[in-house]
file structure_19.tsv (TSV, C-alpha atoms)
chain	number	residue	atom	x	y	z
A	1	MET	CA	12.18	-57.41	12.35
A	2	LEU	CA	9.09	-55.89	13.96
A	3	ARG	CA	11.05	-52.69	14.70
A	4	ARG	CA	12.21	-52.47	11.09
A	5	THR	CA	8.63	-52.91	9.89
A	6	LEU	CA	7.42	-50.12	12.18
A	7	ILE	CA	10.18	-47.79	10.99
A	8	LEU	CA	9.31	-48.49	7.34
A	9	ALA	CA	5.63	-47.92	8.06
A	10	ALA	CA	6.40	-44.60	9.77
A	11	ALA	CA	8.56	-43.53	6.84
A	12	THR	CA	5.80	-44.44	4.41
A	13	LEU	CA	3.29	-42.39	6.39
A	14	ALA	CA	5.68	-39.42	6.53
A	15	LEU	CA	6.20	-39.56	2.76
A	16	ALA	CA	2.46	-39.78	2.24
A	17	ALA	CA	1.95	-36.73	4.46
A	18	CYS	CA	4.61	-34.81	2.52
A	19	GLY	CA	2.89	-35.81	-0.69
A	20	GLN	CA	-0.42	-34.56	0.61
A	21	GLY	CA	1.17	-31.25	1.58
A	22	ALA	CA	2.71	-30.82	-1.86
A	23	GLU	CA	-0.66	-31.65	-3.41
A	24	LYS	CA	-2.33	-28.98	-1.22
A	25	VAL	CA	0.07	-26.36	-2.53
A	26	ALA	CA	-0.34	-27.54	-6.10
A	27	ASP	CA	-4.13	-27.53	-6.07
A	28	GLY	CA	-4.25	-24.07	-4.52
A	29	SER	CA	-5.77	-25.02	-1.17
A	30	ALA	CA	-2.83	-23.91	0.99
A	31	PRO	CA	-3.45	-20.41	2.39
A	32	LEU	CA	-1.90	-17.56	0.45
A	33	ILE	CA	-0.15	-15.19	2.86
A	34	VAL	CA	-0.76	-11.60	1.78
A	35	GLY	CA	0.85	-8.55	3.40
A	36	ALA	CA	-1.23	-5.38	3.62
A	37	THR	CA	-1.58	-2.13	5.50
A	38	ALA	CA	-4.65	-1.98	7.72
A	39	VAL	CA	-6.87	0.51	5.88
A	40	PRO	CA	-8.17	0.04	3.27
A	41	HIS	CA	-6.08	-2.88	1.98
A	42	ALA	CA	-6.60	-5.39	4.79
A	43	GLU	CA	-10.29	-4.43	4.98
A	44	ILE	CA	-10.74	-5.16	1.28
A	45	LEU	CA	-8.93	-8.48	1.66
A	46	GLU	CA	-11.12	-9.39	4.65
A	47	PHE	CA	-14.18	-8.69	2.49
A	48	LEU	CA	-12.87	-11.18	-0.08
A	49	LYS	CA	-11.83	-13.94	2.31
A	50	PRO	CA	-15.15	-15.84	2.34
A	51	THR	CA	-15.48	-15.74	-1.46
A	52	LEU	CA	-11.92	-16.92	-2.04
A	53	ALA	CA	-12.23	-19.66	0.58
A	54	ALA	CA	-15.41	-20.91	-1.08
A	55	GLU	CA	-13.50	-21.11	-4.37
A	56	GLY	CA	-10.75	-23.15	-2.71
A	57	PHE	CA	-8.25	-20.30	-2.41
A	58	PRO	CA	-7.99	-19.35	1.29
A	59	ILE	CA	-5.87	-16.33	2.19
A	60	GLU	CA	-4.09	-15.32	5.37
A	61	ILE	CA	-3.71	-11.56	5.87
A	62	LYS	CA	-0.61	-10.18	7.57
A	63	VAL	CA	-1.08	-6.53	8.56
A	64	PHE	CA	1.85	-4.11	8.51
A	65	ASN	CA	2.07	-0.53	9.78
A	66	ASP	CA	4.89	0.56	7.46
A	67	TYR	CA	5.77	0.46	3.76
A	68	VAL	CA	9.13	-1.35	3.97
A	69	GLN	CA	8.45	-4.68	5.66
A	70	PRO	CA	5.72	-5.87	3.26
A	71	ASN	CA	8.19	-5.71	0.38
A	72	THR	CA	11.15	-6.98	2.40
A	73	GLN	CA	9.22	-10.03	3.59
A	74	LEU	CA	7.88	-10.69	0.09
A	75	ALA	CA	11.39	-10.60	-1.36
A	76	GLU	CA	12.55	-12.92	1.43
A	77	ARG	CA	9.67	-15.35	0.68
A	78	ARG	CA	8.19	-14.92	4.15
A	79	ILE	CA	4.89	-13.89	2.55
A	80	ASP	CA	3.48	-14.73	-0.87
A	81	ALA	CA	2.17	-11.37	-2.08
A	82	ASN	CA	1.38	-7.88	-0.86
A	83	TYR	CA	-1.19	-5.22	-1.50
A	84	PHE	CA	-0.48	-1.68	-0.31
A	85	GLN	CA	1.66	0.28	-2.79
A	86	THR	CA	1.85	2.29	-6.00
A	87	LYS	CA	4.15	1.40	-8.87
A	88	PRO	CA	6.42	4.45	-8.38
A	89	TYR	CA	6.99	3.32	-4.79
A	90	LEU	CA	7.65	-0.26	-5.91
A	91	ASP	CA	10.09	0.91	-8.58
A	92	GLU	CA	11.95	3.00	-6.02
A	93	PHE	CA	12.10	0.05	-3.59
A	94	ASN	CA	13.37	-2.37	-6.26
A	95	THR	CA	16.08	0.06	-7.32
A	96	ALA	CA	17.21	0.77	-3.76
A	97	ARG	CA	17.10	-2.85	-2.53
A	98	GLY	CA	18.08	-4.74	-5.68
A	99	SER	CA	14.81	-6.70	-5.63
A	100	ASP	CA	12.62	-7.65	-8.60
A	101	LEU	CA	9.09	-7.57	-7.22
A	102	ILE	CA	6.42	-7.10	-9.87
A	103	THR	CA	2.88	-5.75	-10.15
A	104	VAL	CA	0.10	-8.27	-10.80
A	105	ALA	CA	-3.12	-6.23	-10.79
A	106	GLY	CA	-4.06	-2.59	-10.24
A	107	VAL	CA	-6.91	-2.31	-7.75
A	108	HIS	CA	-7.65	1.20	-6.49
A	109	VAL	CA	-6.47	4.79	-6.10
A	110	GLU	CA	-6.21	6.58	-2.76
A	111	PRO	CA	-6.23	10.32	-3.51
A	112	LEU	CA	-3.46	11.97	-1.48
A	113	GLY	CA	-4.61	14.78	0.81
A	114	ALA	CA	-3.22	17.82	2.64
A	115	TYR	CA	-4.65	18.26	6.16
A	116	SER	CA	-4.51	20.84	8.94
A	117	ARG	CA	-5.88	21.10	12.45
A	118	LYS	CA	-4.74	24.72	12.80
A	119	HIS	CA	-6.18	26.27	9.64
A	120	GLU	CA	-9.52	25.84	7.87
A	121	THR	CA	-8.45	26.78	4.34
A	122	LEU	CA	-5.30	26.84	2.23
A	123	ALA	CA	-5.61	30.63	2.06
A	124	ALA	CA	-5.23	30.73	5.86
A	125	ILE	CA	-1.87	28.93	5.78
A	126	PRO	CA	0.53	31.62	7.12
A	127	ASN	CA	3.90	32.75	5.86
A	128	GLY	CA	6.66	30.48	7.14
A	129	ALA	CA	4.21	27.65	7.83
A	130	ASP	CA	5.58	24.25	8.81
A	131	VAL	CA	4.59	21.56	6.29
A	132	ALA	CA	5.12	17.81	6.85
A	133	LEU	CA	5.61	15.45	3.91
A	134	PRO	CA	6.11	11.67	3.65
A	135	ASN	CA	9.83	10.95	3.44
A	136	ASP	CA	9.97	8.23	0.76
A	137	ALA	CA	10.94	9.59	-2.64
A	138	SER	CA	7.82	8.62	-4.59
A	139	ASN	CA	5.42	10.08	-2.02
A	140	THR	CA	7.54	13.19	-1.46
A	141	GLY	CA	7.34	13.99	-5.16
A	142	ARG	CA	3.65	13.18	-5.24
A	143	SER	CA	3.05	15.50	-2.26
A	144	LEU	CA	4.90	18.33	-3.92
A	145	LEU	CA	2.78	17.95	-7.06
A	146	LEU	CA	-0.34	18.19	-4.89
A	147	LEU	CA	0.93	21.38	-3.21
A	148	GLN	CA	1.78	22.80	-6.62
A	149	SER	CA	-1.75	22.06	-7.91
A	150	ALA	CA	-3.08	23.82	-4.79
A	151	GLY	CA	-1.08	26.93	-5.69
A	152	LEU	CA	1.27	26.85	-2.69
A	153	ILE	CA	4.51	26.17	-4.57
A	154	THR	CA	5.97	25.97	-8.07
A	155	LEU	CA	8.24	23.09	-9.14
A	156	ARG	CA	11.11	23.05	-11.59
A	157	ASP	CA	9.34	20.41	-13.68
A	158	PRO	CA	5.56	20.74	-13.29
A	159	ALA	CA	4.95	17.04	-14.07
A	160	ASN	CA	7.92	15.07	-12.69
A	161	PRO	CA	6.63	12.78	-9.89
A	162	LEU	CA	10.08	12.25	-8.34
A	163	GLN	CA	11.04	15.82	-7.48
A	164	THR	CA	12.35	16.83	-4.08
A	165	VAL	CA	12.06	20.00	-2.02
A	166	ARG	CA	15.26	21.14	-3.76
A	167	ASP	CA	13.22	21.36	-6.97
A	168	ILE	CA	10.89	24.03	-5.56
A	169	VAL	CA	11.47	27.20	-7.58
A	170	GLY	CA	8.54	29.21	-6.26
A	171	ASN	CA	7.53	29.38	-2.59
A	172	PRO	CA	5.62	32.63	-2.05
A	173	LYS	CA	4.66	31.80	1.55
A	174	ASN	CA	8.20	30.70	2.47
A	175	LEU	CA	6.90	27.36	3.65
A	176	THR	CA	9.34	25.14	5.53
A	177	PHE	CA	9.24	21.40	4.92
A	178	ARG	CA	9.77	18.42	7.22
A	179	GLU	CA	10.04	14.96	5.67
A	180	ILE	CA	8.67	12.31	8.05
A	181	GLU	CA	7.91	8.59	7.81
A	182	ALA	CA	4.48	8.29	6.19
A	183	ALA	CA	2.94	6.21	8.98
A	184	THR	CA	3.70	8.86	11.62
A	185	LEU	CA	2.22	11.84	9.75
A	186	PRO	CA	-1.24	11.68	11.39
A	187	ARG	CA	0.45	11.77	14.80
A	188	VAL	CA	2.29	15.04	14.02
A	189	LEU	CA	-0.72	16.77	12.51
A	190	ASP	CA	-1.28	18.83	15.67
A	191	GLN	CA	2.36	19.97	15.61
A	192	VAL	CA	2.50	21.39	12.07
A	193	ASP	CA	0.49	23.82	9.99
A	194	LEU	CA	-0.12	21.36	7.17
A	195	ALA	CA	0.62	17.67	6.58
A	196	VAL	CA	0.32	15.70	3.36
A	197	ILE	CA	-0.93	12.24	4.34
A	198	ASN	CA	-1.46	9.04	2.40
A	199	THR	CA	-5.13	8.09	2.47
A	200	ASN	CA	-4.61	4.68	4.09
A	201	TYR	CA	-2.99	6.36	7.12
A	202	ALA	CA	-5.53	9.20	7.06
A	203	LEU	CA	-8.43	6.75	7.18
A	204	ASP	CA	-6.73	4.72	9.90
A	205	ALA	CA	-6.46	7.93	11.97
A	206	GLY	CA	-10.15	8.74	11.55
A	207	LEU	CA	-9.70	11.51	8.98
A	208	LYS	CA	-12.25	11.85	6.19
A	209	PRO	CA	-10.46	12.89	3.00
A	210	LYS	CA	-13.51	14.27	1.20
A	211	THR	CA	-14.43	16.62	4.05
A	212	ASP	CA	-11.23	17.07	6.07
A	213	ALA	CA	-8.59	17.56	3.38
A	214	LEU	CA	-7.79	21.12	2.35
A	215	ALA	CA	-6.39	19.78	-0.93
A	216	LEU	CA	-7.04	16.37	-2.45
A	217	GLU	CA	-5.87	14.59	-5.59
A	218	GLY	CA	-8.50	14.01	-8.23
A	219	GLY	CA	-9.89	10.61	-9.15
A	220	ASP	CA	-7.66	10.62	-12.23
A	221	SER	CA	-4.53	10.19	-10.10
A	222	PRO	CA	-2.03	7.80	-11.75
A	223	TYR	CA	-1.03	6.40	-8.35
A	224	VAL	CA	-2.84	3.06	-8.49
A	225	ASN	CA	-2.40	0.61	-5.61
A	226	TYR	CA	-1.31	-2.82	-6.84
A	227	LEU	CA	-1.30	-6.46	-5.84
A	228	VAL	CA	2.42	-7.35	-5.97
A	229	ALA	CA	4.22	-10.69	-6.19
A	230	ARG	CA	7.57	-12.16	-7.23
A	231	PRO	CA	8.50	-13.33	-10.75
A	232	ASP	CA	8.62	-16.93	-9.52
A	233	ASN	CA	5.06	-16.98	-8.14
A	234	GLN	CA	3.12	-14.40	-10.18
A	235	ASN	CA	1.31	-17.22	-12.05
A	236	ASP	CA	0.44	-19.16	-8.89
A	237	PRO	CA	-3.29	-20.01	-9.25
A	238	ARG	CA	-3.93	-18.57	-5.78
A	239	ILE	CA	-2.43	-15.20	-6.73
A	240	GLN	CA	-4.30	-15.13	-10.02
A	241	ALA	CA	-7.55	-15.92	-8.17
A	242	LEU	CA	-6.87	-13.07	-5.74
A	243	ALA	CA	-6.09	-10.71	-8.63
A	244	ARG	CA	-9.40	-11.54	-10.31
A	245	ALA	CA	-11.28	-11.05	-7.06
A	246	LEU	CA	-9.64	-7.69	-6.35
A	247	ARG	CA	-10.64	-6.47	-9.83
A	248	SER	CA	-14.22	-7.75	-9.53
A	249	GLN	CA	-17.35	-5.65	-9.59
A	250	ALA	CA	-18.10	-6.84	-6.05
A	251	VAL	CA	-14.91	-5.18	-4.78
A	252	LYS	CA	-15.59	-2.01	-6.77
A	253	ASP	CA	-19.04	-1.82	-5.18
A	254	PHE	CA	-17.60	-2.50	-1.71
A	255	ILE	CA	-15.00	0.29	-2.14
A	256	ALA	CA	-17.60	2.78	-3.38
A	257	GLN	CA	-19.98	2.04	-0.51
A	258	LYS	CA	-17.48	1.84	2.35
A	259	TYR	CA	-15.07	4.67	1.56
A	260	ASP	CA	-17.33	7.31	0.00
A	261	GLY	CA	-14.78	8.60	-2.50
A	262	ALA	CA	-11.73	8.41	-0.22
A	263	VAL	CA	-10.75	5.27	-2.14
A	264	VAL	CA	-11.56	4.98	-5.86
A	265	PRO	CA	-11.55	1.75	-7.91
A	266	ALA	CA	-8.85	1.72	-10.60
A	267	ALA	CA	-9.98	1.96	-14.20

call {"tool": "encode", "arguments": {"input": "structure_19.tsv", "output": "structure tokens"}}
result
Amino acid sequence: MLRRTLILAAATLALAACGQGAEKVADGSAPLIVGATAVPHAEILEFLKPTLAAEGFPIEIKVFNDYVQPNTQLAERRIDANYFQTKPYLDEFNTARGSDLITVAGVHVEPLGAYSRKHETLAAIPNGADVALPNDASNTGRSLLLLQSAGLITLRDPANPLQTVRDIVGNPKNLTFREIEAATLPRVLDQVDLAVINTNYALDAGLKPKTDALALEGGDSPYVNYLVARPDNQNDPRIQALARALRSQAVKDFIAQKYDGAVVPAA
């Protein structure tokens, strides 16, 4: 009889513990796991951690060094949200992987830049120069638009953001193009004449877009970086709290002070 009583008591305690856990999730106090690339996304999230914790919405930041795993792990429910990507990249990922991840809030723009350690100006780029581009479709097209605006190439459709090197119709310097994983572009900068690098990886490598880039997107770039979630959790109070925080004036001020124009708050 005593053993049965102990077993029932243990079961009751276990159920109570489960109930407390469910209540923690429901009231928003369980940590929200957010995937991000290191710079500037994880830095911005770290800035917000104390504020969100004080509001009862703690976050746990999981840092990635590529653009695939943050979406893969979000789709697989291994993380709750991510913050690192533009909508064209997300659309491309959803189409290729059959996922249905969605944007929650636009936060900032990272103007894409073209960099060189061999040449000081675009005019000095020689005939037959070797140019490295990010190899995912949305960033390849975006890079080509930047090179077109810099006068190095002409594209079949001057405004299409998803063009490839096959859509180059004018190439007066006979540039040759290498498409490389975005995260590795800073590491090949010494090996090529010019590399188009996403600002998060440029900053992580110690490059300063405003002074080091030979060509840089303007602040009116449509490539906003978004907080992304799944359809089933987009209305989670923790995600909505994070979205509000990321769009706050405090974050806009932090971005302006820390990144000196290399990262621009979204409109």

call {"tool": "closest_residue", "arguments": {"input": "structure_19.tsv", "among": "A:Ala250, A:Ala137, A:Leu48, A:Val109", "to": "Phe93 (chain A)", "atoms": "only C-alpha atoms"}}
result
A:Ala137

call {"tool": "residues_around", "arguments": {"input": "structure_19.tsv", "residues": "region 30-46 of chain A", "least_positions_apart": "4", "cutoff": "7 Å", "atoms": "all atoms listed in the file", "output": "list in words"}}
result
Lys24, Val25, Phe57, Pro58, Ile59, Glu60, Ile61, Lys62, Val63, Phe64, Asn65, Pro70, Ile79, Asp80, Ala81, Asn82, Tyr83, Phe84, Asn200, Leu203, Asp204 and Arg238 of chain A

call {"tool": "closest_residue", "arguments": {"input": "structure_19.tsv", "among": "A:Asp212, A:Asp100, A:Asp190, A:Asp130", "to": "Asn174 (chain A)", "atoms": "all atoms listed in the file"}}
result
A:Asp130

call {"tool": "atom_distance", "arguments": {"input": "structure_19.tsv", "atom1": "CA of Ala229 (chain A)", "atom2": "CA of Val264 (chain A)"}}
result
22.2 Å

call {"tool": "residues_around", "arguments": {"input": "structure_19.tsv", "residues": "Lys118 (chain A)", "least_positions_apart": "3", "cutoff": "12 Å", "atoms": "all atoms listed in the file", "output": "short mmCIF file (atom, residue, chain, number, x, y, z; two decimals) with C-alpha atoms, in the coordinates of the input"}}
result
data_model
loop_
_atom_site.label_atom_id
_atom_site.label_comp_id
_atom_site.auth_asym_id
_atom_site.auth_seq_id
_atom_site.Cartn_x
_atom_site.Cartn_y
_atom_site.Cartn_z
CA TYR A 115 -4.65 18.26 6.16
CA THR A 121 -8.45 26.78 4.34
CA LEU A 122 -5.30 26.84 2.23
CA ALA A 124 -5.23 30.73 5.86
CA ILE A 125 -1.87 28.93 5.78
CA PRO A 126 0.53 31.62 7.12
CA ALA A 129 4.21 27.65 7.83
CA ASP A 130 5.58 24.25 8.81
CA VAL A 131 4.59 21.56 6.29
CA LEU A 189 -0.72 16.77 12.51
CA ASP A 190 -1.28 18.83 15.67
CA GLN A 191 2.36 19.97 15.61
CA VAL A 192 2.50 21.39 12.07
CA ASP A 193 0.49 23.82 9.99
CA LEU A 194 -0.12 21.36 7.17
CA ALA A 195 0.62 17.67 6.58
CA LEU A 214 -7.79 21.12 2.35
#

call {"tool": "atom_distance", "arguments": {"input": "structure_19.tsv", "atom1": "CA of Leu52 (chain A)", "atom2": "CA of Pro222 (chain A)"}}
result
28.3 Å

call {"tool": "atom_distance", "arguments": {"input": "structure_19.tsv", "atom1": "CA of Gln73 (chain A)", "atom2": "CA of Val104 (chain A)"}}
result
17.1 Å

call {"tool": "residues_around", "arguments": {"input": "structure_19.tsv", "residues": "Thr211 (chain A)", "least_positions_apart": "3", "cutoff": "12 Å", "atoms": "all atoms listed in the file", "output": "PyMOL selection string"}}
result
chain A and resi 113-116+120-121+202-203+206-208+214-216+260-262

call {"tool": "residues_around", "arguments": {"input": "structure_19.tsv", "residues": "Gly141 (chain A)", "least_positions_apart": "4", "cutoff": "9 Å", "atoms": "all atoms listed in the file", "output": "PyMOL selection string"}}
result
chain A and resi 136-137+145-146+160-165

call {"tool": "residues_near_point", "arguments": {"input": "structure_19.tsv", "point": "(-16.7, -9.7, -2.9)", "cutoff": "9 Å", "atoms": "only C-alpha atoms", "output": "list in words"}}
result
Ile44, Phe47, Leu48, Lys49, Pro50, Thr51, Leu52, Ala245, Leu246, Ser248, Gln249, Ala250, Val251, Lys252, Asp253 and Phe254 of chain A

call {"tool": "residues_around", "arguments": {"input": "structure_19.tsv", "residues": "Glu110 (chain A)", "least_positions_apart": "4", "cutoff": "9 Å", "atoms": "only C-alpha atoms", "output": "ChimeraX atom specification"}}
result
/A:198-200,217,219,221,223-225,261-265

call {"tool": "residues_near_point", "arguments": {"input": "structure_19.tsv", "point": "(10.2, -11.2, -9.0)", "cutoff": "8 Å", "atoms": "all atoms listed in the file", "output": "list in words"}}
result
Ala75, Ser99, Asp100, Leu101, Ile102, Ala229, Arg230, Pro231, Asp232, Asn233 and Gln234 of chain A

call {"tool": "decode", "arguments": {"input": "structure_19.tsv", "residues": "region 48-59 of chain A", "atoms": "all heavy atoms", "output": "PDB file, in the first residue's frame"}}
result
ATOM      1  N   LEU A  48      19.548  43.170 -27.475  1.00  0.00           N
ATOM      2  CA  LEU A  48      18.158  43.131 -27.012  1.00  0.00           C
ATOM      3  C   LEU A  48      17.906  42.165 -25.863  1.00  0.00           C
ATOM      4  O   LEU A  48      16.850  42.253 -25.219  1.00  0.00           O
ATOM      5  CB  LEU A  48      17.252  42.732 -28.190  1.00  0.00           C
ATOM      6  CG  LEU A  48      16.971  43.802 -29.231  1.00  0.00           C
ATOM      7  CD1 LEU A  48      16.153  43.216 -30.368  1.00  0.00           C
ATOM      8  CD2 LEU A  48      16.230  44.976 -28.599  1.00  0.00           C
ATOM      9  N   LYS A  49      18.817  41.242 -25.630  1.00  0.00           N
ATOM     10  CA  LYS A  49      18.566  40.190 -24.638  1.00  0.00           C
ATOM     11  C   LYS A  49      18.138  40.731 -23.265  1.00  0.00           C
ATOM     12  O   LYS A  49      17.147  40.260 -22.703  1.00  0.00           O
ATOM     13  CB  LYS A  49      19.798  39.292 -24.485  1.00  0.00           C
ATOM     14  CG  LYS A  49      19.887  38.183 -25.498  1.00  0.00           C
ATOM     15  CD  LYS A  49      21.087  37.283 -25.247  1.00  0.00           C
ATOM     16  CE  LYS A  49      20.773  36.244 -24.197  1.00  0.00           C
ATOM     17  NZ  LYS A  49      21.866  35.220 -24.120  1.00  0.00           N
ATOM     18  N   PRO A  50      18.849  41.694 -22.700  1.00  0.00           N
ATOM     19  CA  PRO A  50      18.437  42.170 -21.371  1.00  0.00           C
ATOM     20  C   PRO A  50      17.032  42.778 -21.364  1.00  0.00           C
ATOM     21  O   PRO A  50      16.250  42.544 -20.434  1.00  0.00           O
ATOM     22  CB  PRO A  50      19.493  43.221 -21.029  1.00  0.00           C
ATOM     23  CG  PRO A  50      20.669  42.891 -21.886  1.00  0.00           C
ATOM     24  CD  PRO A  50      20.096  42.353 -23.155  1.00  0.00           C
ATOM     25  N   THR A  51      16.700  43.545 -22.394  1.00  0.00           N
ATOM     26  CA  THR A  51      15.376  44.170 -22.468  1.00  0.00           C
ATOM     27  C   THR A  51      14.279  43.121 -22.563  1.00  0.00           C
ATOM     28  O   THR A  51      13.274  43.183 -21.847  1.00  0.00           O
ATOM     29  CB  THR A  51      15.302  45.109 -23.685  1.00  0.00           C
ATOM     30  OG1 THR A  51      16.291  46.132 -23.546  1.00  0.00           O
ATOM     31  CG2 THR A  51      13.928  45.742 -23.808  1.00  0.00           C
ATOM     32  N   LEU A  52      14.482  42.138 -23.436  1.00  0.00           N
ATOM     33  CA  LEU A  52      13.471  41.094 -23.607  1.00  0.00           C
ATOM     34  C   LEU A  52      13.338  40.246 -22.348  1.00  0.00           C
ATOM     35  O   LEU A  52      12.232  39.873 -21.959  1.00  0.00           O
ATOM     36  CB  LEU A  52      13.826  40.227 -24.818  1.00  0.00           C
ATOM     37  CG  LEU A  52      13.635  40.904 -26.175  1.00  0.00           C
ATOM     38  CD1 LEU A  52      14.322  40.112 -27.271  1.00  0.00           C
ATOM     39  CD2 LEU A  52      12.159  41.078 -26.488  1.00  0.00           C
ATOM     40  N   ALA A  53      14.457  39.946 -21.702  1.00  0.00           N
ATOM     41  CA  ALA A  53      14.404  39.158 -20.466  1.00  0.00           C
ATOM     42  C   ALA A  53      13.630  39.910 -19.391  1.00  0.00           C
ATOM     43  O   ALA A  53      12.836  39.319 -18.649  1.00  0.00           O
ATOM     44  CB  ALA A  53      15.816  38.827 -19.995  1.00  0.00           C
ATOM     45  N   ALA A  54      13.844  41.219 -19.301  1.00  0.00           N
ATOM     46  CA  ALA A  54      13.141  42.025 -18.308  1.00  0.00           C
ATOM     47  C   ALA A  54      11.635  42.045 -18.570  1.00  0.00           C
ATOM     48  O   ALA A  54      10.839  42.198 -17.634  1.00  0.00           O
ATOM     49  CB  ALA A  54      13.696  43.445 -18.301  1.00  0.00           C
ATOM     50  N   GLU A  55      11.254  41.887 -19.837  1.00  0.00           N
ATOM     51  CA  GLU A  55       9.837  41.858 -20.195  1.00  0.00           C
ATOM     52  C   GLU A  55       9.232  40.464 -20.052  1.00  0.00           C
ATOM     53  O   GLU A  55       8.039  40.271 -20.290  1.00  0.00           O
ATOM     54  CB  GLU A  55       9.656  42.346 -21.642  1.00  0.00           C
ATOM     55  CG  GLU A  55       9.998  43.814 -21.843  1.00  0.00           C
ATOM     56  CD  GLU A  55       9.918  44.225 -23.309  1.00  0.00           C
ATOM     57  OE1 GLU A  55       9.593  43.360 -24.158  1.00  0.00           O
ATOM     58  OE2 GLU A  55      10.173  45.411 -23.598  1.00  0.00           O
ATOM     59  N   GLY A  56      10.072  39.485 -19.677  1.00  0.00           N
ATOM     60  CA  GLY A  56       9.579  38.122 -19.522  1.00  0.00           C
ATOM     61  C   GLY A  56       9.652  37.294 -20.781  1.00  0.00           C
ATOM     62  O   GLY A  56       8.985  36.264 -20.896  1.00  0.00           O
ATOM     63  N   PHE A  57      10.492  37.732 -21.741  1.00  0.00           N
ATOM     64  CA  PHE A  57      10.641  37.012 -23.008  1.00  0.00           C
ATOM     65  C   PHE A  57      12.124  36.712 -23.265  1.00  0.00           C
ATOM     66  O   PHE A  57      12.737  37.308 -24.155  1.00  0.00           O
ATOM     67  CB  PHE A  57      10.070  37.834 -24.165  1.00  0.00           C
ATOM     68  CG  PHE A  57       8.601  38.111 -24.053  1.00  0.00           C
ATOM     69  CD1 PHE A  57       8.147  39.384 -23.728  1.00  0.00           C
ATOM     70  CD2 PHE A  57       7.671  37.111 -24.266  1.00  0.00           C
ATOM     71  CE1 PHE A  57       6.801  39.658 -23.618  1.00  0.00           C
ATOM     72  CE2 PHE A  57       6.318  37.368 -24.169  1.00  0.00           C
ATOM     73  CZ  PHE A  57       5.871  38.637 -23.840  1.00  0.00           C
ATOM     74  N   PRO A  58      12.726  35.814 -22.524  1.00  0.00           N
ATOM     75  CA  PRO A  58      14.154  35.506 -22.737  1.00  0.00           C
ATOM     76  C   PRO A  58      14.380  34.850 -24.089  1.00  0.00           C
ATOM     77  O   PRO A  58      13.517  34.116 -24.599  1.00  0.00           O
ATOM     78  CB  PRO A  58      14.481  34.545 -21.595  1.00  0.00           C
ATOM     79  CG  PRO A  58      13.175  33.917 -21.242  1.00  0.00           C
ATOM     80  CD  PRO A  58      12.140  34.984 -21.454  1.00  0.00           C
ATOM     81  N   ILE A  59      15.529  35.134 -24.683  1.00  0.00           N
ATOM     82  CA  ILE A  59      15.890  34.499 -25.954  1.00  0.00           C
ATOM     83  C   ILE A  59      17.222  33.782 -25.815  1.00  0.00           C
ATOM     84  O   ILE A  59      18.075  34.160 -25.017  1.00  0.00           O
ATOM     85  CB  ILE A  59      15.969  35.522 -27.122  1.00  0.00           C
ATOM     86  CG1 ILE A  59      17.043  36.580 -26.874  1.00  0.00           C
ATOM     87  CG2 ILE A  59      14.618  36.157 -27.368  1.00  0.00           C
ATOM     88  CD1 ILE A  59      17.287  37.485 -28.071  1.00  0.00           C
TER      89      ILE A  59
END
